[in-house]
Amino acid sequence: MASLLIVDDEAGIREIFRRRFEQEGHEVTEAADGREAIRLSEERQFDLVITDVVMPERDGIEVIQQLRGSAKIIAISGASFRQQYLDVAKILGADVVLGKPIHWEELNTTVRQLLGEKHSDT
């Protein structure tokens with residue numbers, strides 16, 4: 001079981017991801033924006049972070065810059081210029097970038113691969 005942090009300003013997306021990943025056996029924490037995500041990461045360690053890139057308060061780019069190296073990071077975006085946002089996220093340290101809409105099987109497979117890489121490094 002891994003510890004996941006889901007960061008998205010859309011509550012419905014956070015809820016769907018939380019439910020699905022809990023069914024997979026993971027412990028899931030939610031954050032509504034980058035500020036909350038960074039605060040939560042100061043309180044505890046996460047194995048993997050899934051963060052939207054475009055959010056109010058602190059955006060996903062700030063989350064990536066703050067958490068890179070301490071957790072695996074998947075950046076997601078559905079913004080109109082999402083590829084540019086995702087390119088920047090990748091350059092700044094996201095392990096994987098995905099455009100919305102997110103397909104569950106692709107996301108779940110990606111999470112499994114990243115967690116497998118993390119556990120094989122330890």
# chains A, B, ... in the order shown; residues from 1 in each chain; ligands from 1
call {"tool": "residues_around", "arguments": {"residues": "stretch 39-48 of chain A", "least_positions_apart": "4", "cutoff": "12 Å", "atoms": "only C-alpha atoms", "output": "PDB file with C-alpha atoms, in the first residue's frame"}}
result
ATOM      1  CA  MET A   1       0.000   0.000   0.000  1.00  0.00           C
ATOM      2  CA  ALA A   2       1.314   3.405  -0.984  1.00  0.00           C
ATOM      3  CA  SER A   3       0.535   6.874   0.300  1.00  0.00           C
ATOM      4  CA  LEU A   4      -0.902   9.103  -2.450  1.00  0.00           C
ATOM      5  CA  LEU A   5      -1.672  12.821  -2.492  1.00  0.00           C
ATOM      6  CA  ILE A   6      -4.287  13.957  -5.016  1.00  0.00           C
ATOM      7  CA  VAL A   7      -4.126  17.703  -5.759  1.00  0.00           C
ATOM      8  CA  PHE A  21      -7.072   4.356  -5.530  1.00  0.00           C
ATOM      9  CA  HIS A  26      -3.683   2.864  -1.316  1.00  0.00           C
ATOM     10  CA  GLU A  27      -3.945   5.459   1.418  1.00  0.00           C
ATOM     11  CA  VAL A  28      -5.159   8.678  -0.231  1.00  0.00           C
ATOM     12  CA  THR A  29      -5.055  12.274   0.956  1.00  0.00           C
ATOM     13  CA  GLU A  30      -6.703  15.124  -0.960  1.00  0.00           C
ATOM     14  CA  ALA A  31      -5.690  18.759  -1.413  1.00  0.00           C
ATOM     15  CA  ALA A  32      -7.793  21.417  -3.160  1.00  0.00           C
ATOM     16  CA  ASP A  33      -4.821  23.534  -4.259  1.00  0.00           C
ATOM     17  CA  GLY A  34      -1.065  23.774  -4.210  1.00  0.00           C
ATOM     18  CA  ARG A  35      -0.912  25.653  -0.934  1.00  0.00           C
ATOM     19  CA  ARG A  58      -0.284  27.851  -5.576  1.00  0.00           C
ATOM     20  CA  VAL A  63       3.902  21.769  -6.049  1.00  0.00           C
ATOM     21  CA  ILE A  64       6.275  20.006  -8.452  1.00  0.00           C
ATOM     22  CA  GLN A  66       8.574  21.853  -3.881  1.00  0.00           C
ATOM     23  CA  LEU A  67       8.073  18.072  -3.890  1.00  0.00           C
ATOM     24  CA  ARG A  68      10.334  16.786  -6.670  1.00  0.00           C
ATOM     25  CA  GLY A  69      12.797  14.307  -5.316  1.00  0.00           C
ATOM     26  CA  SER A  70      10.703  13.500  -2.247  1.00  0.00           C
ATOM     27  CA  ALA A  71       7.858  11.737  -4.108  1.00  0.00           C
ATOM     28  CA  LYS A  72       7.037  10.473  -7.577  1.00  0.00           C
ATOM     29  CA  ILE A  73       4.924  13.083  -9.382  1.00  0.00           C
ATOM     30  CA  ILE A  74       2.257  12.824 -12.063  1.00  0.00           C
ATOM     31  CA  ALA A  75       1.172  16.189 -13.496  1.00  0.00           C
ATOM     32  CA  ALA A  94       7.252  15.689 -12.957  1.00  0.00           C
ATOM     33  CA  ASP A  95       7.944  12.011 -13.605  1.00  0.00           C
ATOM     34  CA  VAL A  96       4.939  11.663 -15.924  1.00  0.00           C
ATOM     35  CA  THR A 110       1.254   4.678 -14.626  1.00  0.00           C
ATOM     36  CA  VAL A 111       0.883   4.775 -10.838  1.00  0.00           C
ATOM     37  CA  ARG A 112       1.783   1.095 -10.553  1.00  0.00           C
ATOM     38  CA  GLN A 113       4.866   1.590 -12.730  1.00  0.00           C
ATOM     39  CA  LEU A 114       6.062   4.600 -10.760  1.00  0.00           C
ATOM     40  CA  LEU A 115       5.533   2.895  -7.426  1.00  0.00           C
ATOM     41  CA  GLY A 116       7.327  -0.198  -8.687  1.00  0.00           C
ATOM     42  CA  GLU A 117      10.277   1.938  -9.761  1.00  0.00           C
ATOM     43  CA  LYS A 118      10.321   3.634  -6.359  1.00  0.00           C
ATOM     44  CA  HIS A 119      10.230   0.381  -4.419  1.00  0.00           C
TER      45      HIS A 119
END
call {"tool": "closest_atom_pairs", "arguments": {"of": "stretch 70-96 of chain A", "to": "stretch 13-18 of chain A", "cutoff": "12 Å", "atoms": "only C-alpha atoms", "output": "JSON lines"}}
result
{"residue": "A:Ile76", "atom": "CA", "partner": "A:Ile13", "partner_atom": "CA", "distance": 11.3}
{"residue": "A:Ser77", "atom": "CA", "partner": "A:Ile13", "partner_atom": "CA", "distance": 11.8}
{"residue": "A:Gly78", "atom": "CA", "partner": "A:Ile13", "partner_atom": "CA", "distance": 11.8}
call {"tool": "write_last_selection", "arguments": {"atoms": "C-alpha atoms", "output": "short mmCIF file (atom, residue, chain, number, x, y, z; two decimals), in the first residue's frame"}}
result
data_model
loop_
_atom_site.label_atom_id
_atom_site.label_comp_id
_atom_site.auth_asym_id
_atom_site.auth_seq_id
_atom_site.Cartn_x
_atom_site.Cartn_y
_atom_site.Cartn_z
CA ILE A 76 -2.23 16.47 -15.19
CA SER A 77 -3.87 19.31 -17.06
CA GLY A 78 -7.02 20.00 -19.01
#
call {"tool": "select_by_dssp", "arguments": {"residues": "chain A", "states": "strand (DSSP E or B)", "output": "MDAnalysis selection string"}}
result
chainID A and resid 3:7 27:31 48:52 68 71:77 96:99
call {"tool": "closest_residue", "arguments": {"among": "A:Glu22, A:Asp52, A:Glu36, A:Glu57", "to": "A:Asn108", "atoms": "only C-alpha atoms"}}
result
A:Glu22
call {"tool": "atom_distance", "arguments": {"atom1": "atom CA of A:Ala89", "atom2": "atom CA of A:Val49"}}
result
12.9 Å
call {"tool": "select_by_dssp", "arguments": {"residues": "stretch 31-107 of chain A", "states": "alpha helix (DSSP H)", "output": "ChimeraX atom specification"}}
result
/A:34-43,60-67,82-91,104-107
call {"tool": "decode", "arguments": {"residues": "stretch 50-98 of chain A", "atoms": "N, CA and C atoms", "output": "compact mmCIF listing (two decimals), in the first residue's frame"}}
result
# COMPACT_ATOMS: atom_id res chain seq x y z
N ILE A 50 -0.27 13.16 -7.40
CA ILE A 50 -0.93 13.44 -8.68
C ILE A 50 -1.47 14.86 -8.56
N THR A 51 -0.94 15.76 -9.37
CA THR A 51 -1.32 17.16 -9.24
C THR A 51 -1.79 17.77 -10.56
N ASP A 52 -2.89 18.49 -10.47
CA ASP A 52 -3.31 19.32 -11.58
C ASP A 52 -2.26 20.42 -11.71
N VAL A 53 -2.10 20.96 -12.89
CA VAL A 53 -1.11 22.02 -13.08
C VAL A 53 -1.72 23.39 -12.85
N VAL A 54 -2.92 23.64 -13.38
CA VAL A 54 -3.54 24.96 -13.29
C VAL A 54 -4.55 24.96 -12.15
N MET A 55 -4.22 25.69 -11.07
CA MET A 55 -5.08 25.79 -9.89
C MET A 55 -4.93 27.17 -9.28
N PRO A 56 -5.91 27.59 -8.48
CA PRO A 56 -5.77 28.85 -7.74
C PRO A 56 -4.75 28.68 -6.61
N GLU A 57 -4.47 29.78 -5.95
CA GLU A 57 -3.48 29.79 -4.87
C GLU A 57 -2.13 29.39 -5.46
N ARG A 58 -1.54 28.34 -4.99
CA ARG A 58 -0.28 27.85 -5.58
C ARG A 58 -0.64 26.80 -6.61
N ASP A 59 -0.04 26.90 -7.77
CA ASP A 59 -0.39 25.97 -8.85
C ASP A 59 0.46 24.69 -8.78
N GLY A 60 0.19 23.80 -9.71
CA GLY A 60 0.88 22.52 -9.74
C GLY A 60 2.37 22.65 -10.01
N ILE A 61 2.76 23.68 -10.74
CA ILE A 61 4.19 23.90 -11.00
C ILE A 61 4.92 24.13 -9.68
N GLU A 62 4.32 24.91 -8.79
CA GLU A 62 4.94 25.14 -7.48
C GLU A 62 4.98 23.86 -6.66
N VAL A 63 3.93 23.06 -6.75
CA VAL A 63 3.90 21.77 -6.05
C VAL A 63 5.05 20.89 -6.55
N ILE A 64 5.21 20.82 -7.86
CA ILE A 64 6.28 20.01 -8.45
C ILE A 64 7.64 20.49 -7.98
N GLN A 65 7.87 21.78 -8.03
CA GLN A 65 9.16 22.32 -7.60
C GLN A 65 9.44 22.03 -6.13
N GLN A 66 8.41 22.07 -5.31
CA GLN A 66 8.57 21.85 -3.88
C GLN A 66 8.77 20.37 -3.55
N LEU A 67 8.09 19.48 -4.28
CA LEU A 67 8.07 18.07 -3.89
C LEU A 67 8.95 17.15 -4.74
N ARG A 68 9.50 17.66 -5.83
CA ARG A 68 10.33 16.79 -6.67
C ARG A 68 11.48 16.23 -5.84
N GLY A 69 11.74 14.97 -6.06
CA GLY A 69 12.80 14.31 -5.32
C GLY A 69 12.32 13.64 -4.05
N SER A 70 11.21 14.11 -3.48
CA SER A 70 10.70 13.50 -2.25
C SER A 70 9.55 12.54 -2.52
N ALA A 71 8.97 12.62 -3.73
CA ALA A 71 7.86 11.74 -4.11
C ALA A 71 7.85 11.64 -5.63
N LYS A 72 7.29 10.57 -6.14
CA LYS A 72 7.04 10.47 -7.58
C LYS A 72 5.90 11.44 -7.88
N ILE A 73 5.93 12.06 -9.06
CA ILE A 73 4.92 13.08 -9.38
C ILE A 73 4.33 12.83 -10.76
N ILE A 74 2.99 12.84 -10.81
CA ILE A 74 2.26 12.82 -12.06
C ILE A 74 1.55 14.17 -12.17
N ALA A 75 1.83 14.90 -13.25
CA ALA A 75 1.17 16.19 -13.50
C ALA A 75 0.07 15.97 -14.53
N ILE A 76 -1.10 16.57 -14.27
CA ILE A 76 -2.23 16.47 -15.19
C ILE A 76 -2.74 17.86 -15.51
N SER A 77 -3.30 18.02 -16.71
CA SER A 77 -3.87 19.31 -17.06
C SER A 77 -4.93 19.14 -18.14
N GLY A 78 -5.97 19.93 -18.01
CA GLY A 78 -7.02 20.00 -19.01
C GLY A 78 -7.16 21.41 -19.56
N ALA A 79 -6.22 22.29 -19.22
CA ALA A 79 -6.27 23.68 -19.66
C ALA A 79 -6.14 23.75 -21.18
N SER A 80 -6.62 24.84 -21.74
CA SER A 80 -6.62 24.99 -23.19
C SER A 80 -5.21 24.92 -23.78
N PHE A 81 -4.22 25.35 -23.05
CA PHE A 81 -2.83 25.24 -23.50
C PHE A 81 -2.10 24.15 -22.72
N ARG A 82 -2.81 23.03 -22.50
CA ARG A 82 -2.29 22.01 -21.60
C ARG A 82 -0.93 21.46 -22.01
N GLN A 83 -0.64 21.31 -23.29
CA GLN A 83 0.64 20.73 -23.66
C GLN A 83 1.80 21.60 -23.21
N GLN A 84 1.64 22.92 -23.32
CA GLN A 84 2.70 23.82 -22.85
C GLN A 84 2.87 23.69 -21.33
N TYR A 85 1.75 23.63 -20.60
CA TYR A 85 1.82 23.46 -19.15
C TYR A 85 2.49 22.14 -18.79
N LEU A 86 2.11 21.09 -19.50
CA LEU A 86 2.67 19.78 -19.21
C LEU A 86 4.14 19.70 -19.58
N ASP A 87 4.54 20.37 -20.65
CA ASP A 87 5.96 20.42 -21.01
C ASP A 87 6.78 21.07 -19.90
N VAL A 88 6.28 22.18 -19.37
CA VAL A 88 6.96 22.87 -18.27
C VAL A 88 7.01 21.97 -17.04
N ALA A 89 5.89 21.29 -16.74
CA ALA A 89 5.85 20.40 -15.58
C ALA A 89 6.90 19.31 -15.70
N LYS A 90 7.06 18.75 -16.88
CA LYS A 90 8.05 17.69 -17.11
C LYS A 90 9.47 18.23 -16.92
N ILE A 91 9.72 19.39 -17.48
CA ILE A 91 11.05 20.01 -17.35
C ILE A 91 11.39 20.28 -15.90
N LEU A 92 10.39 20.68 -15.11
CA LEU A 92 10.64 21.05 -13.71
C LEU A 92 10.62 19.88 -12.74
N GLY A 93 10.36 18.67 -13.24
CA GLY A 93 10.53 17.52 -12.34
C GLY A 93 9.40 16.53 -12.26
N ALA A 94 8.30 16.71 -12.98
CA ALA A 94 7.25 15.69 -12.96
C ALA A 94 7.79 14.42 -13.62
N ASP A 95 7.50 13.28 -13.03
CA ASP A 95 7.94 12.01 -13.60
C ASP A 95 7.15 11.65 -14.85
N VAL A 96 5.84 11.97 -14.81
CA VAL A 96 4.94 11.66 -15.92
C VAL A 96 3.96 12.82 -16.05
N VAL A 97 3.57 13.14 -17.29
CA VAL A 97 2.53 14.15 -17.53
C VAL A 97 1.42 13.52 -18.35
N LEU A 98 0.16 13.86 -17.99
CA LEU A 98 -1.01 13.32 -18.67
C LEU A 98 -2.02 14.44 -18.91
